[in-house]
Amino acid sequence: MCGIAGIFTQDRAAAARALHRMVEAQRHRGPDGSGESIVPFGSGILALGHTRLAVIDVSSAGAQPMVHPVTGDRLVFNGEIYNHGLLRHELAARGCVFRGTSDSETLLHALVEWGADCINRLEGMFSFAFHRAATGELLLARDPLGIKPLYLARGRDLIFASEVRALLRSGLVPRETSARGLAGLLSYGAVQHPFTLFEAVRSFPAGCWQRFHADGRVDDPIRYWAPARPDPIRDMASTVAAVRETVDAAVRDHLISDVPLGLFLSSGLDSSIVAGMASRHVPDLRSFTVGFADNPDMNELALAGKTAALFGLRHTECLINGGDALNAVTAWLDALDQPSIDGLNVYVISKAARERGIKVALSGQGGDELFGGYSTFRDVPMLQRMMRPISALPPALRRRLAEIATIGRSASTKAKASAIAGCDGDLVSLYMQRRRLMTPAQLSRLGLDHVTAGLTADFHDPREIDALAIEENDPAWTVSLLESRFYLGNMLLRDGDANSMAHGFEVRVPFLDRRLIDLTASIPAHIRLPGKGSPKHLLRAAFTDILRPELLSQPKSGFALPIGRWMTDPLLDICREGVETLKGCGLLEPAGVDAIWDIFADEPETPAWSRAFLCVVIGQYLQRISEPSEVRLAS
């Protein structure tokens, strides 16, 4: 796991200075080493930079930028290729000679030998830039679900990096705020691909590769991966067996490491399965759980501790109380790459594991999206059925009916119901409204009515929606796709990467192994979530020996933090400061920001805390990355 950076420009001296700043901005991603190189690229130059977190082959043979000894081709790579051993064996049979044992070197030789065709053979998480010297081409690529980030700024020059802050630090990228990025951030709690908070910066699409030519030509992105379609002839017994076998293989392969490795353990099903399977392949594993001394109702310590003892794990409980919250949140805000409602939990547990000598940890992330763990798998189809009888009514009347139906409920519940009733009623629209953090009415009060040009009603690039192959007859398949593409891709994976790598710490997600996502995509609804089955039916059926009854009977859980409670006491001052900064920056209507905070003050135990906290985070982020005079919307 590392950080990559690159610049294609005409000015060698400016590129050298900018590249060095970008590499230094990502030093936290790769504290074990760094490298920079500048080579001719057409009439200009190509500057490539890398910061290294040494995990596989910690020797100098794994250093980057890595240069092929015969062709002079160059690679900067961030991620892990779990099947690199098989690829290396095949490459060696073709005559390739290796200096070391890193997956980076395997990838370099694969690209030299097979070109872009090798990308679809990779099992892993990755983003990389490959320069083919003979043809004057630069190839950028990203893994199927976007586990590893990649950001671009394209104007007169091409600039790319693993983090937005590195692009900003280059001095070559304007800092004007993107209205579309801001609208998506406020709508969902995280900026929506392909936008970022900055107008000049875009995220590179997952599951794609793209060529940039030295003469300035740019090919369209090539999508090398798409989810499989549901296979109607699947049966339950063989599918359960396939799930068990594939999860086991994915966990086993994700355990390759030349440095200390552990796992994140909650009381949930996913991390318990990862722990159980991992303990069969690697003895004496370390595990880590976050707990709260002053919020015992949110603790997972007891169940996680029992799971660790059952599998013989060396377990560590990372305790946080209200007194620790201010320091934790302040450090997290200082480390943010992009503002988000999510990620503090990953930041906290990654820091604790890193301080105890661990560099890599496995996580159970992805199980909910693939196997139907979220309430959206139940709610979205149910909402679609409820909307059919009233779909012919005008949206305003539908919203009024929702308000009547929620009399006596909280303001947050009423607003959500009204927004859902007013949408188009198709699966995508209902999913988006179900996942929305702020309703259209709340965004209107913030002054974002004008942010509609070129966007869907749900503040997405319409090309992202058009590219979805919706299965109207299989809502479970569709919701899984939507959760993976939007909630997982735009928030959980992005924030998981940034907040773990803030400590030079690698998080691996075996449930998002290429083999497993291909398998689950082929499973139709009546097998994935049978009518009378429980959430994650297939995992429950496949791992009866691991999932003891007390785990199966508990409500859904995860690494949740009591942020809403902290906001009323230890975080109150920093919250007020963030809100005031946001109100004063000129991006939003101050009265709309006040309204969001006032609802939270009245209903601190409802989801209103998340909207208020997002305002805090945006204000604090802007305060850290810009002078007040620099904060402005792009024209």
# chains A, B, ... in the order shown; residues from 1 in each chain; ligands from 1

call {"tool": "select_by_dssp", "arguments": {"residues": "range 283-462 of chain A", "states": "helix (DSSP H, G or I)", "output": "PyMOL selection string"}}
result
chain A and resi 296-298+301-310+322-335+344-355+367-371+376-390+395-405+411-421+427-435+440-445+462

call {"tool": "write_last_selection", "arguments": {"atoms": "C-alpha atoms", "output": "mmCIF file, in the first residue's frame"}}
result
data_model
loop_
_atom_site.group_PDB
_atom_site.id
_atom_site.type_symbol
_atom_site.label_atom_id
_atom_site.label_comp_id
_atom_site.auth_asym_id
_atom_site.auth_seq_id
_atom_site.Cartn_x
_atom_site.Cartn_y
_atom_site.Cartn_z
ATOM 1 C CA PRO A 296 -21.757 0.875 27.420
ATOM 2 C CA ASP A 297 -24.912 0.485 25.323
ATOM 3 C CA MET A 298 -22.776 0.900 22.173
ATOM 4 C CA LEU A 301 -16.378 -5.616 23.595
ATOM 5 C CA ALA A 302 -17.935 -8.658 25.242
ATOM 6 C CA LEU A 303 -19.053 -10.435 22.075
ATOM 7 C CA ALA A 304 -15.883 -9.525 20.162
ATOM 8 C CA GLY A 305 -13.772 -10.735 23.073
ATOM 9 C CA LYS A 306 -15.568 -14.082 23.096
ATOM 10 C CA THR A 307 -15.030 -14.436 19.352
ATOM 11 C CA ALA A 308 -11.321 -13.693 19.745
ATOM 12 C CA ALA A 309 -10.980 -16.258 22.530
ATOM 13 C CA LEU A 310 -12.854 -18.880 20.503
ATOM 14 C CA GLY A 322 -15.725 11.349 26.125
ATOM 15 C CA GLY A 323 -12.484 12.799 27.422
ATOM 16 C CA ASP A 324 -10.593 11.248 24.493
ATOM 17 C CA ALA A 325 -13.113 12.344 21.900
ATOM 18 C CA LEU A 326 -11.854 15.902 21.371
ATOM 19 C CA ASN A 327 -8.282 14.802 20.735
ATOM 20 C CA ALA A 328 -9.411 11.999 18.423
ATOM 21 C CA VAL A 329 -11.738 14.213 16.393
ATOM 22 C CA THR A 330 -9.207 17.062 16.161
ATOM 23 C CA ALA A 331 -6.509 14.712 14.865
ATOM 24 C CA TRP A 332 -8.985 13.150 12.426
ATOM 25 C CA LEU A 333 -10.005 16.558 11.076
ATOM 26 C CA ASP A 334 -6.348 17.468 10.604
ATOM 27 C CA ALA A 335 -5.841 14.300 8.537
ATOM 28 C CA LEU A 344 -13.495 8.524 12.251
ATOM 29 C CA ASN A 345 -13.953 4.906 13.376
ATOM 30 C CA VAL A 346 -11.367 3.655 10.871
ATOM 31 C CA TYR A 347 -8.998 6.444 11.854
ATOM 32 C CA VAL A 348 -9.221 5.522 15.537
ATOM 33 C CA ILE A 349 -8.802 1.757 15.211
ATOM 34 C CA SER A 350 -6.056 2.037 12.566
ATOM 35 C CA LYS A 351 -4.089 4.336 14.840
ATOM 36 C CA ALA A 352 -4.429 1.898 17.735
ATOM 37 C CA ALA A 353 -3.289 -1.076 15.645
ATOM 38 C CA ARG A 354 -0.358 0.821 14.112
ATOM 39 C CA GLU A 355 0.857 1.914 17.539
ATOM 40 C CA GLY A 367 -20.414 -8.366 3.434
ATOM 41 C CA ASP A 368 -23.458 -6.120 3.814
ATOM 42 C CA GLU A 369 -23.379 -4.980 0.203
ATOM 43 C CA LEU A 370 -22.860 -8.438 -1.299
ATOM 44 C CA PHE A 371 -25.084 -10.544 0.935
ATOM 45 C CA THR A 376 -32.233 -1.020 2.171
ATOM 46 C CA PHE A 377 -32.555 -4.558 0.798
ATOM 47 C CA ARG A 378 -35.901 -4.760 2.584
ATOM 48 C CA ASP A 379 -36.950 -1.107 2.518
ATOM 49 C CA VAL A 380 -36.441 -0.197 -1.148
ATOM 50 C CA PRO A 381 -38.620 -3.002 -2.608
ATOM 51 C CA MET A 382 -41.215 -2.330 0.113
ATOM 52 C CA LEU A 383 -41.254 1.388 -0.711
ATOM 53 C CA GLN A 384 -41.666 0.583 -4.395
ATOM 54 C CA ARG A 385 -44.756 -1.524 -3.609
ATOM 55 C CA MET A 386 -46.157 1.260 -1.423
ATOM 56 C CA MET A 387 -45.615 3.880 -4.104
ATOM 57 C CA ARG A 388 -47.470 2.042 -6.888
ATOM 58 C CA PRO A 389 -51.039 2.885 -5.722
ATOM 59 C CA ILE A 390 -50.223 6.608 -5.400
ATOM 60 C CA PRO A 395 -45.654 14.811 -6.112
ATOM 61 C CA ALA A 396 -46.914 17.601 -3.855
ATOM 62 C CA LEU A 397 -49.966 15.543 -2.886
ATOM 63 C CA ARG A 398 -47.829 12.458 -2.261
ATOM 64 C CA ARG A 399 -45.581 14.493 0.030
ATOM 65 C CA ARG A 400 -48.629 15.794 1.905
ATOM 66 C CA LEU A 401 -49.888 12.253 2.450
ATOM 67 C CA ALA A 402 -46.475 11.280 3.841
ATOM 68 C CA GLU A 403 -46.586 14.208 6.259
ATOM 69 C CA ILE A 404 -49.999 13.093 7.508
ATOM 70 C CA ALA A 405 -48.787 9.516 7.909
ATOM 71 C CA ALA A 411 -38.790 16.198 12.224
ATOM 72 C CA SER A 412 -36.078 14.035 10.671
ATOM 73 C CA THR A 413 -38.523 11.184 10.023
ATOM 74 C CA LYS A 414 -41.122 13.531 8.528
ATOM 75 C CA ALA A 415 -38.583 15.121 6.188
ATOM 76 C CA LYS A 416 -37.312 11.728 4.997
ATOM 77 C CA ALA A 417 -40.838 10.397 4.369
ATOM 78 C CA SER A 418 -41.799 13.514 2.428
ATOM 79 C CA ALA A 419 -38.707 13.284 0.222
ATOM 80 C CA ILE A 420 -39.322 9.605 -0.548
ATOM 81 C CA ALA A 421 -42.974 10.226 -1.400
ATOM 82 C CA LEU A 427 -35.738 1.483 -7.685
ATOM 83 C CA VAL A 428 -32.860 3.911 -8.244
ATOM 84 C CA SER A 429 -34.771 6.997 -7.074
ATOM 85 C CA LEU A 430 -36.125 5.222 -4.012
ATOM 86 C CA TYR A 431 -32.685 3.898 -3.126
ATOM 87 C CA MET A 432 -31.136 7.359 -3.449
ATOM 88 C CA GLN A 433 -33.805 8.960 -1.269
ATOM 89 C CA ARG A 434 -33.472 6.153 1.288
ATOM 90 C CA ARG A 435 -29.725 6.821 1.461
ATOM 91 C CA PRO A 440 -34.196 18.377 -1.312
ATOM 92 C CA ALA A 441 -35.995 20.832 0.975
ATOM 93 C CA GLN A 442 -32.971 21.078 3.285
ATOM 94 C CA LEU A 443 -30.646 21.639 0.317
ATOM 95 C CA SER A 444 -32.993 24.339 -0.932
ATOM 96 C CA ARG A 445 -32.716 26.155 2.407
ATOM 97 C CA PRO A 462 -26.359 11.093 -15.293
#

call {"tool": "atom_distance", "arguments": {"atom1": "CA of Leu539 in chain A", "atom2": "CA of Arg494 in chain A"}}
result
25.3 Å

call {"tool": "residues_around", "arguments": {"residues": "Val251 in chain A", "least_positions_apart": "5", "cutoff": "8 Å", "atoms": "only C-alpha atoms", "output": "list in words"}}
result
Val274, Met277, Ala278, Pro510 and Phe511 of chain A

call {"tool": "write_last_selection", "arguments": {"atoms": "C-alpha atoms", "output": "mmCIF file, in the first residue's frame"}}
result
data_model
loop_
_atom_site.group_PDB
_atom_site.id
_atom_site.type_symbol
_atom_site.label_atom_id
_atom_site.label_comp_id
_atom_site.auth_asym_id
_atom_site.auth_seq_id
_atom_site.Cartn_x
_atom_site.Cartn_y
_atom_site.Cartn_z
ATOM 1 C CA VAL A 274 -13.104 -13.296 8.552
ATOM 2 C CA MET A 277 -11.406 -18.362 8.564
ATOM 3 C CA ALA A 278 -8.168 -16.392 9.025
ATOM 4 C CA PRO A 510 -11.514 -10.046 1.527
ATOM 5 C CA PHE A 511 -15.286 -9.827 1.023
#

call {"tool": "atom_distance", "arguments": {"atom1": "CA of Thr239 in chain A", "atom2": "CA of Pro524 in chain A"}}
result
10.4 Å

call {"tool": "select_by_dssp", "arguments": {"residues": "range 62-147 of chain A", "states": "strand (DSSP E)", "output": "number ranges by chain"}}
result
A: 66-67, 74-81, 124-132, 137-142

call {"tool": "write_last_selection", "arguments": {"atoms": "C-alpha atoms", "output": "compact mmCIF listing (two decimals), in the first residue's frame"}}
result
# COMPACT_ATOMS: atom_id res chain seq x y z
CA MET A 66 10.07 0.70 -10.69
CA VAL A 67 11.90 0.50 -14.02
CA ARG A 74 8.08 2.55 -15.50
CA LEU A 75 5.46 1.76 -12.89
CA VAL A 76 4.07 3.46 -9.79
CA PHE A 77 1.56 1.23 -8.04
CA ASN A 78 -0.65 1.44 -4.96
CA GLY A 79 -2.33 -1.69 -3.62
CA GLU A 80 -1.90 -5.45 -3.41
CA ILE A 81 -2.16 -8.14 -6.10
CA GLY A 124 -6.51 -7.44 -5.75
CA MET A 125 -6.96 -3.80 -4.92
CA PHE A 126 -5.00 -1.34 -7.02
CA SER A 127 -4.49 1.95 -8.76
CA PHE A 128 -1.40 2.43 -10.88
CA ALA A 129 0.32 4.40 -13.62
CA PHE A 130 2.40 2.56 -16.22
CA HIS A 131 4.65 4.35 -18.71
CA ARG A 132 5.55 2.41 -21.85
CA GLU A 137 1.93 6.00 -23.61
CA LEU A 138 0.77 6.43 -20.04
CA LEU A 139 -1.73 3.88 -18.75
CA LEU A 140 -3.85 4.57 -15.65
CA ALA A 141 -6.01 1.89 -14.07
CA ARG A 142 -8.12 1.18 -10.99

call {"tool": "closest_residue", "arguments": {"among": "A:His84, A:Lys536, A:Arg52, A:Arg217", "to": "Asp270 in chain A", "atoms": "only C-alpha atoms"}}
result
A:Lys536

call {"tool": "closest_residue", "arguments": {"among": "A:Ala542, A:Val507, A:Ile45, A:Cys96", "to": "Leu261 in chain A", "atoms": "only C-alpha atoms"}}
result
A:Val507

call {"tool": "residues_around", "arguments": {"residues": "Phe600 in chain A", "least_positions_apart": "5", "cutoff": "12 Å", "atoms": "only C-alpha atoms", "output": "tab-separated table (two decimals) with C-alpha atoms, in the first residue's frame"}}
result
chain	number	residue	atom	x	y	z
A	410	SER	CA	-39.54	13.39	14.67
A	411	ALA	CA	-38.79	16.20	12.22
A	412	SER	CA	-36.08	14.04	10.67
A	564	GLY	CA	-24.02	12.48	18.41
A	565	ARG	CA	-23.62	12.20	22.18
A	567	MET	CA	-21.44	16.65	20.12
A	568	THR	CA	-23.49	17.78	23.11
A	575	CYS	CA	-18.79	21.84	16.55
A	593	VAL	CA	-27.02	25.86	8.32
A	594	ASP	CA	-28.60	27.20	11.53
A	595	ALA	CA	-31.79	25.24	10.80
A	605	GLU	CA	-30.75	11.20	19.81
A	606	THR	CA	-32.16	11.07	16.25
A	607	PRO	CA	-30.26	10.88	12.92
A	608	ALA	CA	-30.28	14.69	12.94
A	609	TRP	CA	-26.80	14.51	14.51
A	610	SER	CA	-25.32	13.27	11.24
A	611	ARG	CA	-26.46	16.30	9.23
A	612	ALA	CA	-25.23	18.69	11.91
A	613	PHE	CA	-21.92	16.87	12.18
A	614	LEU	CA	-21.42	17.04	8.41
A	615	CYS	CA	-21.78	20.83	8.58

call {"tool": "atom_distance", "arguments": {"atom1": "CA of Asp337 in chain A", "atom2": "CA of Arg632 in chain A"}}
result
18.6 Å

call {"tool": "closest_residue", "arguments": {"among": "A:Ala206, A:Ile574, A:Ile527, A:Leu561", "to": "Ile341 in chain A", "atoms": "only C-alpha atoms"}}
result
A:Leu561

call {"tool": "residues_around", "arguments": {"residues": "Pro194 in chain A", "least_positions_apart": "4", "cutoff": "10 Å", "atoms": "only C-alpha atoms", "output": "list in words"}}
result
Tyr151, Arg180, Gly181, Val201, Arg202, Ser203, Phe204, Pro205, His460, Asp461, Glu464 and Asn490 of chain A

call {"tool": "write_last_selection", "arguments": {"atoms": "C-alpha atoms", "output": "mmCIF file, in the first residue's frame"}}
result
data_model
loop_
_atom_site.group_PDB
_atom_site.id
_atom_site.type_symbol
_atom_site.label_atom_id
_atom_site.label_comp_id
_atom_site.auth_asym_id
_atom_site.auth_seq_id
_atom_site.Cartn_x
_atom_site.Cartn_y
_atom_site.Cartn_z
ATOM 1 C CA TYR A 151 -7.659 11.428 -8.618
ATOM 2 C CA ARG A 180 -21.810 19.773 -7.784
ATOM 3 C CA GLY A 181 -19.331 18.195 -5.408
ATOM 4 C CA VAL A 201 -10.316 17.525 -9.543
ATOM 5 C CA ARG A 202 -12.133 14.346 -10.547
ATOM 6 C CA SER A 203 -11.913 10.756 -9.348
ATOM 7 C CA PHE A 204 -10.829 8.121 -11.854
ATOM 8 C CA PRO A 205 -13.582 5.539 -12.547
ATOM 9 C CA HIS A 460 -25.342 12.495 -9.677
ATOM 10 C CA ASP A 461 -23.649 12.605 -13.034
ATOM 11 C CA GLU A 464 -23.172 7.134 -13.750
ATOM 12 C CA ASN A 490 -18.291 6.837 -2.700
#

call {"tool": "closest_residue", "arguments": {"among": "A:Gly447, A:Gly72, A:Gly6, A:Gly95", "to": "Leu46 in chain A", "atoms": "only C-alpha atoms"}}
result
A:Gly6

call {"tool": "closest_residue", "arguments": {"among": "A:Thr246, A:Ser238, A:Ser271, A:Asn499", "to": "Leu516 in chain A", "atoms": "only C-alpha atoms"}}
result
A:Thr246
